[in-house]
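Enquirer: Please find final_7.cif (mmCIF, C-alpha atoms) on the next line:
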```
data_coords
#
loop_
_atom_site.label_atom_id
_atom_site.label_comp_id
_atom_site.auth_asym_id
_atom_site.auth_seq_id
_atom_site.Cartn_x
_atom_site.Cartn_y
_atom_site.Cartn_z
CA MET O 1 -81.56 2.51 -210.03
CA VAL O 2 -78.94 5.20 -210.78
CA GLU O 3 -79.74 8.81 -209.92
CA ILE O 4 -77.60 11.59 -211.45
CA VAL O 5 -77.41 14.89 -209.57
CA GLU O 6 -75.70 18.07 -210.76
CA ARG O 7 -73.51 20.41 -208.68
CA ASP O 8 -74.01 18.57 -205.40
CA PHE O 9 -70.58 19.10 -203.86
CA PRO O 10 -70.95 17.01 -200.66
CA SER O 11 -71.86 13.87 -202.62
CA PHE O 12 -69.25 14.64 -205.32
CA PHE O 13 -66.48 14.83 -202.71
CA GLU O 14 -67.59 11.60 -201.04
CA VAL O 15 -67.49 9.38 -204.15
CA PRO O 16 -63.94 7.94 -203.94
CA PHE O 17 -64.39 7.14 -200.25
CA GLN O 18 -67.47 5.08 -201.17
CA ALA O 19 -66.37 3.64 -204.52
CA TYR O 20 -62.71 2.74 -203.94
CA ASP O 21 -60.96 0.52 -201.44
CA ALA O 22 -57.48 1.07 -200.08
CA SER O 23 -55.81 -1.00 -202.82
CA THR O 24 -56.39 1.75 -205.41
CA ALA O 25 -53.88 4.09 -203.72
CA TYR O 26 -56.27 6.95 -204.50
CA VAL O 27 -55.77 10.08 -202.38
CA SER O 28 -58.38 12.83 -202.49
CA PRO O 29 -57.49 16.51 -202.74
CA LEU O 30 -58.24 18.44 -199.58
CA LYS O 31 -61.98 19.05 -199.41
CA SER O 32 -61.59 22.84 -199.23
CA ASP O 33 -59.24 22.82 -202.24
CA LEU O 34 -61.64 20.73 -204.32
CA LYS O 35 -64.41 23.17 -203.43
CA ARG O 36 -62.23 26.04 -204.70
CA PHE O 37 -61.53 24.20 -207.94
CA LEU O 38 -65.28 23.80 -208.50
CA THR O 39 -66.29 27.38 -207.81
CA ALA O 40 -66.69 29.74 -210.78
CA GLY O 41 -65.04 33.10 -210.29
CA ILE O 42 -62.62 31.67 -207.71
CA ASN O 43 -60.97 29.18 -210.05
CA PRO O 44 -59.75 31.48 -212.85
CA LEU O 45 -60.17 28.69 -215.41
CA PHE O 46 -63.91 29.05 -214.88
CA PRO O 47 -65.03 32.68 -215.23
CA SER O 48 -68.68 31.56 -215.14
CA ASP O 49 -70.79 28.52 -214.33
CA ASP O 50 -71.36 28.00 -218.04
CA ALA O 51 -67.69 26.99 -218.46
CA PHE O 52 -68.13 23.77 -216.48
CA THR O 53 -70.40 21.55 -214.43
CA TYR O 54 -70.12 18.37 -212.42
CA PHE O 55 -72.29 15.32 -211.83
CA THR O 56 -72.60 12.67 -209.14
CA ALA O 57 -74.16 9.23 -209.60
CA ARG O 58 -75.97 7.73 -206.62
CA ARG O 59 -77.52 4.38 -205.83
CA GLY O 60 -79.87 5.06 -202.97
CA ASP O 61 -77.93 7.14 -200.45
CA ARG O 62 -74.50 6.09 -201.73
CA PRO O 63 -72.57 8.36 -204.11
CA LEU O 64 -70.66 5.90 -206.30
CA GLY O 65 -69.57 7.89 -209.34
CA ARG O 66 -68.62 11.42 -210.40
CA ILE O 67 -67.34 13.46 -213.33
CA VAL O 68 -66.56 17.08 -214.18
CA VAL O 69 -66.96 18.41 -217.73
CA HIS O 70 -65.53 21.76 -218.78
CA THR O 71 -64.29 23.94 -221.61
CA HIS O 72 -60.79 25.42 -221.71
CA ALA O 73 -61.42 28.21 -224.20
CA ALA O 74 -57.80 29.41 -224.28
CA SER O 75 -56.57 25.91 -225.12
CA ASN O 76 -59.07 25.50 -227.96
CA GLU O 77 -58.10 28.87 -229.39
CA LEU O 78 -54.35 28.31 -229.14
CA HIS O 79 -54.30 24.74 -230.48
CA GLY O 80 -57.12 24.98 -232.99
CA THR O 81 -59.24 22.36 -231.25
CA ASN O 82 -62.92 22.22 -230.42
CA ARG O 83 -62.91 19.96 -227.41
CA ALA O 84 -64.54 19.70 -224.06
CA SER O 85 -62.58 18.07 -221.27
CA PHE O 86 -63.62 15.78 -218.45
CA GLY O 87 -61.92 15.38 -215.10
CA PHE O 88 -62.29 13.61 -211.77
CA PHE O 89 -63.91 10.61 -213.45
CA ASP O 90 -64.14 8.25 -210.50
CA CYS O 91 -66.67 5.48 -210.03
CA ASP O 92 -67.41 2.02 -208.75
CA ASP O 93 -66.85 -0.89 -211.13
CA ASP O 94 -70.39 -0.46 -212.43
CA ALA O 95 -71.09 -0.16 -216.16
CA GLN O 96 -74.49 1.45 -215.60
CA ILE O 97 -73.04 4.23 -213.43
CA ALA O 98 -70.15 4.87 -215.81
CA THR O 99 -72.40 5.09 -218.85
CA ALA O 100 -74.87 7.40 -217.11
CA LEU O 101 -72.08 9.80 -216.08
CA LEU O 102 -70.29 9.79 -219.42
CA GLN O 103 -73.52 10.31 -221.33
CA ARG O 104 -74.31 13.38 -219.21
CA ALA O 105 -70.81 14.75 -219.87
CA GLU O 106 -71.17 14.08 -223.60
CA ALA O 107 -74.58 15.78 -223.69
CA TRP O 108 -73.13 18.87 -221.99
CA ALA O 109 -70.32 18.99 -224.57
CA ARG O 110 -72.66 18.48 -227.52
CA GLU O 111 -74.95 21.27 -226.32
CA ARG O 112 -71.94 23.58 -226.65
CA LYS O 113 -71.10 22.25 -230.14
CA HIS O 114 -67.83 20.57 -229.12
CA SER O 115 -66.54 17.87 -231.45
CA GLU O 116 -64.68 15.70 -228.93
CA LEU O 117 -64.46 14.94 -225.21
CA VAL O 118 -61.01 14.35 -223.69
CA GLY O 119 -59.74 13.60 -220.18
CA ASN O 120 -58.75 13.40 -217.41
CA PHE O 121 -57.82 17.05 -216.99
CA ASN O 122 -58.29 17.95 -213.34
CA LEU O 123 -59.18 21.61 -213.19
CA THR O 124 -56.09 23.63 -212.37
CA ALA O 125 -53.61 25.74 -214.27
CA MET O 126 -50.89 23.12 -213.72
CA GLN O 127 -53.34 20.37 -214.54
CA GLN O 128 -53.22 16.84 -213.28
CA LEU O 129 -53.50 14.75 -216.40
CA GLY O 130 -54.43 11.27 -217.53
CA VAL O 131 -56.12 8.01 -216.62
CA GLN O 132 -53.93 5.35 -215.03
CA THR O 133 -53.64 2.36 -217.35
CA ASP O 134 -50.94 0.21 -215.68
CA HIS O 135 -49.00 -0.39 -212.44
CA PHE O 136 -52.19 -0.20 -210.37
CA GLY O 137 -52.00 -0.08 -206.57
CA ARG O 138 -48.63 1.66 -206.32
CA ALA O 139 -48.62 4.59 -203.90
CA ALA O 140 -48.73 7.94 -205.66
CA TYR O 141 -47.29 11.33 -204.79
CA THR O 142 -48.97 14.71 -204.58
CA ASP O 143 -50.33 15.89 -207.95
CA MET O 144 -50.41 12.42 -209.50
CA VAL O 145 -53.58 10.81 -210.89
CA VAL O 146 -54.27 7.22 -209.83
CA ASN O 147 -57.32 5.01 -210.26
CA PRO O 148 -58.27 1.32 -210.21
CA ALA O 149 -58.02 -0.87 -213.31
CA HIS O 150 -61.75 -0.76 -214.06
CA ILE O 151 -61.68 2.98 -214.92
CA PRO O 152 -59.91 2.64 -218.32
CA LYS O 153 -62.03 -0.47 -218.98
CA LEU O 154 -65.25 1.49 -218.44
CA LEU O 155 -64.02 4.32 -220.67
CA ARG O 156 -63.25 1.89 -223.50
CA GLN O 157 -66.67 0.28 -223.12
CA ASN O 158 -68.21 3.73 -223.67
CA GLY O 159 -66.30 4.45 -226.87
CA PHE O 160 -63.29 6.33 -225.48
CA ALA O 161 -59.86 5.52 -226.93
CA PRO O 162 -56.46 6.05 -225.25
CA PHE O 163 -53.84 8.41 -226.68
CA PHE O 164 -50.94 10.60 -225.48
CA PRO O 165 -49.14 8.07 -223.22
CA VAL O 166 -47.21 9.42 -220.23
CA THR O 167 -45.28 8.00 -217.28
CA THR O 168 -44.69 9.11 -213.71
CA PHE O 169 -41.41 8.22 -212.00
CA GLU O 170 -39.97 7.45 -208.59
CA LEU O 171 -36.38 7.81 -207.42
CA ASP O 172 -34.75 6.10 -204.44
CA LEU O 173 -32.48 8.92 -203.32
CA ALA O 174 -30.00 6.56 -201.70
CA GLN O 175 -29.41 4.97 -205.10
CA ALA O 176 -29.69 8.12 -207.23
CA THR O 177 -26.95 9.15 -209.64
CA ILE O 178 -26.39 12.87 -209.21
CA PRO O 179 -25.43 14.33 -212.60
CA PRO O 180 -22.19 16.33 -212.72
CA PHE O 181 -22.36 19.96 -213.83
CA GLU O 182 -20.41 23.18 -213.96
CA LEU O 183 -21.94 26.65 -213.89
CA THR O 184 -20.10 29.87 -214.58
CA PRO O 185 -20.11 32.49 -211.78
CA ASP O 186 -22.91 34.50 -213.42
CA TYR O 187 -25.40 31.73 -212.54
CA ALA O 188 -26.99 31.48 -209.09
CA PHE O 189 -29.82 29.59 -207.41
CA ALA O 190 -32.47 31.66 -205.60
CA PRO O 191 -34.35 29.43 -203.11
CA VAL O 192 -38.13 29.74 -202.86
CA LYS O 193 -38.71 31.01 -199.33
CA ARG O 194 -41.84 32.38 -197.69
CA LYS O 195 -40.57 35.96 -197.64
CA THR O 196 -39.66 35.88 -201.35
CA PHE O 197 -42.46 33.53 -202.38
CA ALA O 198 -44.40 35.95 -204.60
CA ILE O 199 -41.28 37.10 -206.46
CA ARG O 200 -39.95 33.58 -207.03
CA MET O 201 -43.36 32.30 -208.14
CA GLU O 202 -43.70 35.00 -210.78
CA GLU O 203 -40.22 34.14 -212.06
CA ALA O 204 -41.19 30.45 -212.05
CA ARG O 205 -44.29 31.22 -214.11
CA GLN O 206 -42.27 33.11 -216.71
CA VAL O 207 -39.70 30.31 -217.03
CA LEU O 208 -42.43 27.66 -217.21
CA ASN O 209 -44.33 29.52 -219.93
CA ASP O 210 -41.20 30.00 -222.02
CA GLY O 211 -39.71 26.55 -221.54
CA PHE O 212 -42.98 24.69 -222.11
CA SER O 213 -44.24 26.84 -224.99
CA GLN O 214 -43.67 24.09 -227.60
CA ASN O 215 -45.06 21.26 -225.48
CA PRO O 216 -48.24 19.51 -226.69
CA MET O 217 -51.45 21.01 -225.29
CA PHE O 218 -49.60 23.51 -223.09
CA VAL O 219 -51.30 26.88 -222.59
CA PRO O 220 -49.31 29.79 -221.11
CA LEU O 221 -50.46 30.49 -217.58
CA THR O 222 -51.68 33.88 -216.47
CA SER O 223 -50.42 35.22 -213.16
CA GLU O 224 -53.89 34.71 -211.70
CA GLU O 225 -54.03 31.07 -212.81
CA PHE O 226 -50.56 30.28 -211.53
CA THR O 227 -51.15 31.95 -208.17
CA PHE O 228 -54.45 30.14 -207.72
CA GLN O 229 -52.64 26.82 -207.42
CA ALA O 230 -49.14 27.85 -206.33
CA GLY O 231 -50.40 30.02 -203.49
CA GLU O 232 -51.44 26.99 -201.47
CA MET O 233 -47.81 25.86 -201.29
CA THR O 234 -46.85 28.59 -198.80
CA THR O 235 -47.92 26.39 -195.86
CA ILE O 236 -45.97 23.32 -196.99
CA ILE O 237 -42.96 24.73 -198.83
CA ASP O 238 -39.56 23.41 -197.80
CA PRO O 239 -37.20 26.25 -198.81
CA ARG O 240 -34.34 23.81 -199.34
CA LEU O 241 -35.99 22.11 -202.30
CA SER O 242 -37.43 24.62 -204.79
CA ALA O 243 -35.36 27.27 -206.54
CA VAL O 244 -35.13 29.62 -209.48
CA LEU O 245 -31.87 29.57 -211.46
CA THR O 246 -30.78 33.01 -212.60
CA GLN O 247 -28.12 34.22 -215.01
CA GLY O 248 -27.28 37.68 -213.81
CA ASP O 249 -30.69 39.21 -213.11
CA THR O 250 -32.55 36.97 -215.57
CA PRO O 251 -34.47 33.83 -214.49
CA VAL O 252 -33.46 30.97 -216.83
CA GLY O 253 -34.50 27.83 -214.96
CA VAL O 254 -36.78 26.62 -212.20
CA VAL O 255 -37.64 23.56 -210.16
CA ILE O 256 -40.71 23.36 -207.94
CA CYS O 257 -40.23 20.47 -205.53
CA ILE O 258 -42.44 20.06 -202.45
CA PRO O 259 -42.85 17.54 -199.65
CA ASP O 260 -45.34 14.83 -200.55
CA LEU O 261 -48.68 15.52 -198.85
CA ASN O 262 -50.42 12.21 -199.53
CA GLY O 263 -49.67 10.66 -196.15
CA PHE O 264 -51.16 13.68 -194.39
CA LEU O 265 -54.22 13.68 -196.66
CA LYS O 266 -54.84 9.98 -196.10
CA ALA O 267 -54.57 10.38 -192.33
CA THR O 268 -57.12 13.22 -192.31
CA ARG O 269 -59.36 11.77 -195.07
CA SER O 270 -58.75 15.11 -196.80
CA ARG O 271 -60.90 17.00 -194.28
CA PHE O 272 -60.21 19.57 -191.58
CA SER O 273 -61.07 18.41 -188.05
CA LEU O 274 -59.92 18.85 -184.49
CA MET O 275 -57.18 16.29 -185.18
CA THR O 276 -55.82 18.08 -188.25
CA PRO O 277 -53.11 20.08 -186.39
CA PHE O 278 -51.84 16.86 -184.81
CA HIS O 279 -51.70 15.09 -188.16
CA PHE O 280 -49.96 18.06 -189.77
CA LEU O 281 -47.31 18.21 -187.03
CA ARG O 282 -46.66 14.48 -187.36
CA TYR O 283 -46.41 14.88 -191.12
CA ARG O 284 -43.86 17.72 -190.75
CA LEU O 285 -41.75 15.62 -188.37
CA ARG O 286 -41.85 12.46 -190.47
CA ARG O 287 -41.80 13.69 -194.06
CA ARG O 288 -39.39 11.63 -196.11
CA ARG O 289 -41.00 11.77 -199.56
CA ALA O 290 -40.96 14.73 -201.94
CA VAL O 291 -42.28 15.35 -205.43
CA ILE O 292 -41.12 17.48 -208.33
CA ILE O 293 -44.19 19.29 -209.63
CA PHE O 294 -42.31 20.70 -212.62
CA TYR O 295 -38.91 21.86 -213.82
CA SER O 296 -38.13 24.01 -216.81
CA VAL O 297 -35.38 25.90 -218.63
CA VAL O 298 -36.08 28.81 -220.98
CA LYS O 299 -35.70 27.95 -224.67
CA ALA O 300 -32.74 30.29 -225.19
CA SER O 301 -30.76 28.29 -222.60
CA HIS O 302 -31.52 24.80 -223.87
CA GLY O 303 -28.46 22.65 -224.55
CA ARG O 304 -26.29 24.29 -221.88
CA GLY O 305 -26.58 21.59 -219.23
CA LEU O 306 -28.80 23.69 -216.99
CA MET O 307 -31.27 20.86 -216.42
CA SER O 308 -28.46 18.69 -215.08
CA ALA O 309 -27.45 21.54 -212.79
CA ILE O 310 -31.00 22.00 -211.52
CA LEU O 311 -31.54 18.30 -210.82
CA SER O 312 -28.09 17.91 -209.27
CA ARG O 313 -28.78 20.75 -206.86
CA THR O 314 -32.26 19.38 -206.05
CA LEU O 315 -31.13 15.80 -205.41
CA THR O 316 -28.25 16.99 -203.22
CA GLU O 317 -30.56 19.18 -201.12
CA LEU O 318 -33.12 16.37 -200.77
CA ARG O 319 -30.47 14.02 -199.42
CA LYS O 320 -29.10 16.64 -197.02
CA ALA O 321 -32.62 17.34 -195.73
CA GLY O 322 -33.26 13.65 -194.97
CA TYR O 323 -35.69 12.75 -197.74
CA ASP O 324 -35.42 9.20 -199.05
CA HIS O 325 -37.76 9.05 -202.07
CA LEU O 326 -38.68 11.47 -204.84
CA GLY O 327 -41.66 11.36 -207.20
CA ILE O 328 -41.64 13.02 -210.61
CA THR O 329 -44.98 13.94 -212.17
CA TRP O 330 -45.89 12.84 -215.68
CA ILE O 331 -43.49 12.91 -218.62
CA ALA O 332 -44.86 12.27 -222.11
CA ASP O 333 -43.40 9.49 -224.25
CA GLU O 334 -42.46 12.03 -226.89
CA ASN O 335 -40.33 14.02 -224.43
CA GLN O 336 -37.18 12.02 -225.05
CA ALA O 337 -34.83 14.52 -223.38
CA SER O 338 -36.65 14.28 -220.03
CA LEU O 339 -36.93 10.50 -220.32
CA ARG O 340 -33.19 10.25 -220.87
CA MET O 341 -32.66 12.40 -217.79
CA MET O 342 -34.84 10.04 -215.72
CA SER O 343 -32.67 7.13 -216.84
CA LYS O 344 -29.52 9.12 -216.14
CA ILE O 345 -30.42 9.79 -212.49
CA GLY O 346 -31.76 6.26 -211.90
CA ALA O 347 -35.49 6.99 -211.66
CA THR O 348 -37.84 4.08 -212.38
CA PRO O 349 -41.36 4.17 -213.89
CA LEU O 350 -44.09 4.40 -211.27
CA HIS O 351 -47.42 4.70 -213.13
CA ARG O 352 -48.48 4.52 -216.76
CA LEU O 353 -51.26 6.86 -217.90
CA HIS O 354 -53.08 7.93 -221.08
CA LEU O 355 -55.55 10.57 -222.04
CA PHE O 356 -58.84 9.18 -223.36
CA ARG O 357 -60.81 10.72 -226.23
CA LYS O 358 -64.19 10.27 -227.88
CA ASP O 359 -65.46 11.95 -231.07
CA LEU O 360 -68.85 13.55 -230.59
CA ALA O 361 -69.82 14.04 -234.25
#
```
Written as structure tokens, how would this file's structure read?
Expert:
Amino acid sequence: MVEIVERDFPSFFEVPFQAYDASTAYVSPLKSDLKRFLTAGINPLFPSDDAFTYFTARRGDRPLGRIVVHTHAASNELHGTNRASFGFFDCDDDAQIATALLQRAEAWARERKHSELVGNFNLTAMQQLGVQTDHFGRAAYTDMVVNPAHIPKLLRQNGFAPFFPVTTFELDLAQATIPPFELTPDYAFAPVKRKTFAIRMEEARQVLNDGFSQNPMFVPLTSEEFTFQAGEMTTIIDPRLSAVLTQGDTPVGVVICIPDLNGFLKATRSRFSLMTPFHFLRYRLRRRRAVIIFYSVVKASHGRGLMSAILSRTLTELRKAGYDHLGITWIADENQASLRMMSKIGATPLHRLHLFRKDLA
């Protein structure tokens, strides 16, 4: 018998540790971070409890499935949609559990008169996106969505169809081709350091909002939304990797690149304990993988080679700092310029993902 419980955080957090084995390469967010994401009034995407809820499916004492369902009002208004979104859809390879969870999410969306349900969108301003549909079992980097092969199968069985294909990438830094570039003296890179973190992050937000303004489904981020996620990077930032590119006093480009946290999270099972300081010290001493969370150039500076300059600087600094592999979070199939850049530097596809959608009419 399947029991569905609502807003039970301990069982919700435990699901992937019960439902998945090590071959899935799944890595949970830190327990305290996931709790923040699921707390109305703390996560600025959710001003009230009515904007979202979450469900856990249990068989006996074992939590074996979970899902979040939510409304992004600003996205619906900007893009003329009437959708609810789901996220953190994780479950055992069990059709009964999957159907029970998805039906509860659909019922929540229908009660609010939404016409479609779309996911995964995983609850932050810089949202993790997609359901993995190929290349299963490959180790992911921070901020990447991975799942076993039965997840897209279960979604299809429940009437969800894939759309909006995207790819994540990996780059062996020893084999990388660093693109050549020339910048005039009025350009300069401002590293993201702890003492200038707030200033650089606000500049990064402005560049991201401008550069991504024409991207599908993008919603400009408020300062509160951006800080909610970016603020956690202060403890892990490597000042050699992230930077804002300025022309005179004007920010025109940005790259946010951080050390990959997945090894640390796996070692700690995404929980704080007495051993956490030891694991964190070992992670700091051994970190060799990094991930680009995003990079952007303002629209007025497109076509000037600034992206090549940003990536050239980033790859050079990664090599100098002793990193050996770089992950790049999702790039949509329709973003041909970024895909060409991945080919240019020698990055190879890591995971294939899609959004999944179901009409609720």
Enquirer: Determine the nearest neighbour of Ser308 of chain O from the options O:Pro10, O:Pro16, O:Pro179, O:Gly130, counting all atoms listed in the file.
Expert: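 Answer, going by the shortest atom-to-atom distance: O:Pro179.
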Enquirer: The PyMOL selection byres ((chain O and resi 79) around 12) - which residues does that actually catch in the file I just gave you? List them as a PyMOL selection string.
Expert: chain O and resi 72-78+80-83+213-220
Enquirer: Could you check which of O:Ser343, O:Gln128, O:Ser242, O:Gln157 is closest to Thr314 of chain O, using only C-alpha atoms?
Expert: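 Using only C-alpha atoms, the shortest distance to Thr314 of chain O belongs to O:Ser242.
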Enquirer: Could you list the residues chosen by the PyMOL selection byres ((chain O and resi 29) around 12) in this structure as an NGL selection string?
Expert: :O and (13-14 or 16-17 or 26-28 or 30-37 or 88 or 122-123 or 128 or 141-145 or 261-266 or 268-272)
Enquirer: Would you pick out the contacts of Arg319 of chain O at 12 Å or less, using only C-alpha atoms, so that residues sharing its chain but fewer than 2 positions from it are not included, and give the list as a CSV table (one decimal) with C-alpha atoms, in the coordinates of the input?
Expert:
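Output saved as result_39.csv:
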```csv
chain,number,residue,atom,x,y,z
O,171,LEU,CA,-36.4,7.8,-207.4
O,172,ASP,CA,-34.8,6.1,-204.4
O,173,LEU,CA,-32.5,8.9,-203.3
O,174,ALA,CA,-30.0,6.6,-201.7
O,175,GLN,CA,-29.4,5.0,-205.1
O,176,ALA,CA,-29.7,8.1,-207.2
O,177,THR,CA,-27.0,9.2,-209.6
O,178,ILE,CA,-26.4,12.9,-209.2
O,240,ARG,CA,-34.3,23.8,-199.3
O,241,LEU,CA,-36.0,22.1,-202.3
O,288,ARG,CA,-39.4,11.6,-196.1
O,289,ARG,CA,-41.0,11.8,-199.6
O,290,ALA,CA,-41.0,14.7,-201.9
O,312,SER,CA,-28.1,17.9,-209.3
O,313,ARG,CA,-28.8,20.8,-206.9
O,314,THR,CA,-32.3,19.4,-206.0
O,315,LEU,CA,-31.1,15.8,-205.4
O,316,THR,CA,-28.2,17.0,-203.2
O,317,GLU,CA,-30.6,19.2,-201.1
O,321,ALA,CA,-32.6,17.3,-195.7
O,322,GLY,CA,-33.3,13.6,-195.0
O,323,TYR,CA,-35.7,12.8,-197.7
O,324,ASP,CA,-35.4,9.2,-199.0
O,325,HIS,CA,-37.8,9.0,-202.1
O,326,LEU,CA,-38.7,11.5,-204.8
```
Enquirer: Which residue is closest to Phe212 of chain O? Choose from O:Gln247, O:Thr235, O:Thr329, O:Asn335 and count all atoms listed in the file.
Expert: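 The closest residue to Phe212 of chain O is O:Asn335.
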Enquirer: Atom CA of Lys299 of chain O and atom CA of Arg352 of chain O are how many Å apart?
Expert: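 We find that atom CA of Lys299 of chain O and atom CA of Arg352 of chain O lie 27.8 Å from each other.
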Enquirer: Fewer than 3 positions away in the same chain doesn't count, so skip those; otherwise give me all residues within 7 Å of Asp90 of chain O, counting only C-alpha atoms, as a list in words.
Expert: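 Returned residues: Pro16, Gly65, Arg66 and Ile67 of chain O.
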Enquirer: When you count all atoms listed in the file, which of these residues is closest to Asn158 of chain O: O:Asp359, O:Asp134, O:Glu224, O:Asp8?
Expert: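 Smallest separation from Asn158 of chain O among the options: O:Asp359.
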Enquirer: Any idea what the distance is between atom CA of Pro239 of chain O and atom CA of Ile310 of chain O?
Expert: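 Atom CA of Pro239 of chain O sits 14.8 Å away from atom CA of Ile310 of chain O.
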Enquirer: Tell me which protein, DNA and RNA residues are within 12 Å of Glu225 of chain O, counting only C-alpha atoms, leaving out same-chain ones fewer than 3 positions away, and put them as a PyMOL selection string.
Expert: chain O and resi 37+41-47+123-127+201-202+205+219-222+228-231
Enquirer: Could you write out the selected residues, including C-alpha atoms, as a JSON list (two decimals), in the coordinates of the input?
Expert:
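Once written, selection.json looks like this:
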```json
[["chain", "number", "residue", "atom", "x", "y", "z"],
["O", 37, "PHE", "CA", -61.53, 24.20, -207.94],
["O", 41, "GLY", "CA", -65.04, 33.10, -210.29],
["O", 42, "ILE", "CA", -62.62, 31.67, -207.71],
["O", 43, "ASN", "CA", -60.97, 29.18, -210.05],
["O", 44, "PRO", "CA", -59.75, 31.48, -212.85],
["O", 45, "LEU", "CA", -60.17, 28.69, -215.41],
["O", 46, "PHE", "CA", -63.91, 29.05, -214.88],
["O", 47, "PRO", "CA", -65.03, 32.68, -215.23],
["O", 123, "LEU", "CA", -59.18, 21.61, -213.19],
["O", 124, "THR", "CA", -56.09, 23.63, -212.37],
["O", 125, "ALA", "CA", -53.61, 25.74, -214.27],
["O", 126, "MET", "CA", -50.89, 23.12, -213.72],
["O", 127, "GLN", "CA", -53.34, 20.37, -214.54],
["O", 201, "MET", "CA", -43.36, 32.30, -208.14],
["O", 202, "GLU", "CA", -43.70, 35.00, -210.78],
["O", 205, "ARG", "CA", -44.29, 31.22, -214.11],
["O", 219, "VAL", "CA", -51.30, 26.88, -222.59],
["O", 220, "PRO", "CA", -49.31, 29.79, -221.11],
["O", 221, "LEU", "CA", -50.46, 30.49, -217.58],
["O", 222, "THR", "CA", -51.68, 33.88, -216.47],
["O", 228, "PHE", "CA", -54.45, 30.14, -207.72],
["O", 229, "GLN", "CA", -52.64, 26.82, -207.42],
["O", 230, "ALA", "CA", -49.14, 27.85, -206.33],
["O", 231, "GLY", "CA", -50.40, 30.02, -203.49]]
```
Enquirer: Applied to the shown file, which residues does the PyMOL selection byres ((chain O and resi 169) around 8) return, written as a ChimeraX atom specification?
Expert: /O:167-168,170-171,327-330,342,347-351
Enquirer: Please measure the separation of atom CA of Val5 of chain O and atom CA of Leu102 of chain O, giving the value in Å to one decimal.
Expert: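 Pair atom CA of Val5 of chain O / atom CA of Leu102 of chain O returns 13.2 Å.
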Enquirer: Between O:Asp186, O:Gln132, O:Phe163, O:Tyr295, single out the one closest to Thr250 of chain O, counting all atoms listed in the file.
Expert: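 With all atoms listed in the file as the atom set, the closest residue is O:Asp186.
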Enquirer: For each of O:Thr53, O:Asn147, O:Ser223, O:Ser11, take the minimum atom-to-atom distance to Ala107 of chain O, counting only C-alpha atoms, then give the residue where this is smallest.
Expert: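 Looking only at the distances to Ala107 of chain O, the closest residue turns out to be O:Thr53.
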